[in-house]
Amino acid sequence: MNIANPPEAVEELTRKNPFDRYPDGRPKVPDDLLERMKLVTTEQAWGVLRQHGYNHQFEGNWFCTHPGKILVGRALTAMMVPMRPDLHEIVEETGKAEGRIGGQNSWVIDMLQLNDVMVVDMFGKVEGGTFVGDNLSAALQRRTKAGAVIDGGIRDFQGIMKLKDIVIFCRGVHPSAITDTTLVGINIPVRIGRATVLPGDVVLGTPTGVIFIPPHLVEEVVKRSEEIRLRDRFGKQRLREGRYTPGQIDTKWTEEIEEDFKNWLKEMKRSGKL
């Protein structure tokens, strides 16, 4: 068996990707788009994805280790299942043959890179499903400077909360260690609650929840969010000036307002305010 999905299989899974790729086959969405994504709201991303028929990309109701902090990065996915002895034996033998070290959860962390988000399908297990504690979270922080989405638990929360360059969305906290689970794949499609995640998806975690954005829609999501922010800025300015009424701004704009907005954009660019 393969612990990690072969690069050619990952490439086939993500064939709509318009960007470069990592050696493991995952899409490498450019860093500048990841940075711009940090200002996108969940609702703005949701609107674009729904327009394209991606109706199952959001999951809410999380425990967040660093409330209010935004999580953005490229997904490296992993799936754990309840332990079955014969399967677990095969996985352990395969991992050792591939030179993997430590527990199976460590195998996933060892593959992470800068700006990755570790996305783990832990089938919702919290007690005995604590995928990371403070030590592995420190390694996670060092490798990614981003964090993780774990459909399961974490432990050592008092240590994790002291880490500054990480945020983890999980289902809960428990003092138990991880047990009775088996890793069955890395960089494969996974289910996180009601969302389907592919390796290389851009993860956006906000106070609202977590949304997973396919690489080929990332640029559209970012540009749409930036346009909405500009329109909001224009609308508020014109309301302060008394040029339009709230009813005129808080509805579909007339051709006159659209033309005013275009001229406002030109003036803002000319004056260096954009």
# chains A, B, ... in the order shown; residues from 1 in each chain; ligands from 1
$ select_by_dssp --residues "stretch 66-239 of chain A" --states "alpha helix (DSSP H)" --output "VMD selection string"
chain A and resid 85 to 97 104 to 109 134 to 144 157 to 160 215 to 239
$ closest_atom_pairs --of "stretch 142-205 of chain A" --to "stretch 82-90 of chain A" --cutoff "12 Å" --atoms "only C-alpha atoms" --output "CSV"
residue,atom,partner,partner_atom,distance
A:Ile178,CA,A:Pro82,CA,11.2
A:Thr179,CA,A:Met83,CA,8.4
A:Asp180,CA,A:Met83,CA,4.8
A:Thr181,CA,A:Met83,CA,4.3
A:Thr182,CA,A:Met83,CA,5.1
A:Leu183,CA,A:His88,CA,8.0
A:Val184,CA,A:Leu87,CA,8.7
$ atom_distance --atom1 "atom CA of A:Arg26" --atom2 "atom CA of A:Asn2"
16.1 Å
$ closest_atom_pairs --of "stretch 174-258 of chain A" --to "stretch 121-128 of chain A" --cutoff "7 Å" --atoms "only C-alpha atoms" --output "tab-separated table"
residue	atom	partner	partner_atom	distance
A:His174	CA	A:Glu127	CA	5.8
A:Ser176	CA	A:Gly128	CA	5.5
A:Ala177	CA	A:Gly128	CA	5.5
A:Ile178	CA	A:Gly128	CA	4.5
A:Thr179	CA	A:Gly128	CA	5.0
A:Val190	CA	A:Asp121	CA	6.2
A:Arg191	CA	A:Asp121	CA	6.2
A:Ile192	CA	A:Asp121	CA	5.9
$ write_last_selection --atoms "N, CA and C atoms" --output "CSV table (one decimal), in the first residue's frame"
chain,number,residue,atom,x,y,z
A,174,HIS,N,-8.9,17.0,25.2
A,174,HIS,CA,-9.0,15.9,26.1
A,174,HIS,C,-7.6,15.6,26.6
A,176,SER,N,-6.3,12.7,27.2
A,176,SER,CA,-5.8,11.3,26.8
A,176,SER,C,-4.9,11.5,25.6
A,177,ALA,N,-4.0,10.5,25.4
A,177,ALA,CA,-3.2,10.4,24.3
A,177,ALA,C,-3.9,9.7,23.1
A,178,ILE,N,-3.4,9.9,21.9
A,178,ILE,CA,-4.0,9.3,20.7
A,178,ILE,C,-3.9,7.7,20.8
A,179,THR,N,-4.9,7.0,20.5
A,179,THR,CA,-4.9,5.6,20.6
A,179,THR,C,-6.0,4.9,19.8
A,190,VAL,N,-10.5,13.8,1.6
A,190,VAL,CA,-11.0,13.5,3.0
A,190,VAL,C,-12.3,14.2,3.2
A,191,ARG,N,-13.0,13.7,4.2
A,191,ARG,CA,-14.3,14.4,4.6
A,191,ARG,C,-14.1,15.0,5.9
A,192,ILE,N,-14.3,16.3,6.0
A,192,ILE,CA,-14.3,17.1,7.2
A,192,ILE,C,-15.7,17.5,7.5
$ residues_around --residues "stretch 199-216 of chain A" --least-positions-apart "4" --cutoff "8 Å" --atoms "only C-alpha atoms" --output "PyMOL selection string"
chain A and resi 10+14+16-19+26-29+34+37-38+41-42+45-46+49+57-62+67-77+117+169+187-189+195
$ residues_around --residues "A:Tyr244" --least-positions-apart "6" --cutoff "10 Å" --atoms "only C-alpha atoms" --output "MDAnalysis selection string"
chainID A and resid 235:238 257
$ residues_around --residues "A:Phe63" --least-positions-apart "5" --cutoff "8 Å" --atoms "only C-alpha atoms" --output "ChimeraX atom specification"
/A:169-172
$ write_last_selection --atoms "N, CA and C atoms" --output "short mmCIF file (atom, residue, chain, number, x, y, z; two decimals), in the first residue's frame"
data_model
loop_
_atom_site.label_atom_id
_atom_site.label_comp_id
_atom_site.auth_asym_id
_atom_site.auth_seq_id
_atom_site.Cartn_x
_atom_site.Cartn_y
_atom_site.Cartn_z
N PHE A 169 -8.03 24.43 14.44
CA PHE A 169 -9.46 24.19 14.57
C PHE A 169 -9.65 22.70 14.82
N CYS A 170 -10.30 22.35 15.93
CA CYS A 170 -10.50 20.95 16.26
C CYS A 170 -11.88 20.76 16.88
N ARG A 171 -12.23 19.53 17.25
CA ARG A 171 -13.55 19.24 17.81
C ARG A 171 -13.59 19.34 19.33
N GLY A 172 -12.42 19.34 19.97
CA GLY A 172 -12.42 19.42 21.41
C GLY A 172 -11.06 19.10 22.00
#
$ select_by_dssp --residues "stretch 159-206 of chain A" --states "strand (DSSP E or B)" --output "ChimeraX atom specification"
/A:167-170,172-173,181-186,190-192,195-197,202-206
$ write_last_selection --atoms "C-alpha atoms" --output "PDB file, in the first residue's frame"
ATOM      1  CA  VAL A 167      -4.018  28.205  15.010  1.00  0.00           C
ATOM      2  CA  ILE A 168      -5.794  24.858  15.224  1.00  0.00           C
ATOM      3  CA  PHE A 169      -9.461  24.193  14.568  1.00  0.00           C
ATOM      4  CA  CYS A 170     -10.501  20.946  16.262  1.00  0.00           C
ATOM      5  CA  GLY A 172     -12.418  19.423  21.414  1.00  0.00           C
ATOM      6  CA  VAL A 173      -9.745  18.990  24.055  1.00  0.00           C
ATOM      7  CA  THR A 181      -6.474   4.703  15.320  1.00  0.00           C
ATOM      8  CA  THR A 182      -4.697   3.935  12.060  1.00  0.00           C
ATOM      9  CA  LEU A 183      -3.419   6.226   9.319  1.00  0.00           C
ATOM     10  CA  VAL A 184      -4.751   5.087   5.938  1.00  0.00           C
ATOM     11  CA  GLY A 185      -3.624   7.861   3.647  1.00  0.00           C
ATOM     12  CA  ILE A 186      -1.899  11.207   3.132  1.00  0.00           C
ATOM     13  CA  VAL A 190     -10.981  13.496   2.972  1.00  0.00           C
ATOM     14  CA  ARG A 191     -14.287  14.367   4.572  1.00  0.00           C
ATOM     15  CA  ILE A 192     -14.274  17.052   7.242  1.00  0.00           C
ATOM     16  CA  ALA A 195     -17.059  19.251   3.533  1.00  0.00           C
ATOM     17  CA  THR A 196     -14.942  17.440   0.945  1.00  0.00           C
ATOM     18  CA  VAL A 197     -11.270  18.403   0.887  1.00  0.00           C
ATOM     19  CA  VAL A 202      -6.708  26.622   0.192  1.00  0.00           C
ATOM     20  CA  VAL A 203      -7.962  26.500   3.771  1.00  0.00           C
ATOM     21  CA  LEU A 204      -9.614  29.629   5.173  1.00  0.00           C
ATOM     22  CA  GLY A 205     -10.416  29.440   8.882  1.00  0.00           C
ATOM     23  CA  THR A 206     -12.276  32.390  10.447  1.00  0.00           C
TER      24      THR A 206
END
$ closest_residue --among "A:Lys252, A:Arg233, A:Lys273, A:His66" --to "A:Phe157" --atoms "only C-alpha atoms"
A:His66
$ closest_residue --among "A:Arg240, A:Arg231, A:Arg155, A:Lys266" --to "A:Asp134" --atoms "only C-alpha atoms"
A:Arg155
$ atom_distance --atom1 "atom CA of A:Leu239" --atom2 "atom CA of A:Glu267"
17.9 Å
$ closest_residue --among "A:Ile154, A:Met268, A:Met118, A:Ala146" --to "A:Gly133" --atoms "only C-alpha atoms"
A:Ile154
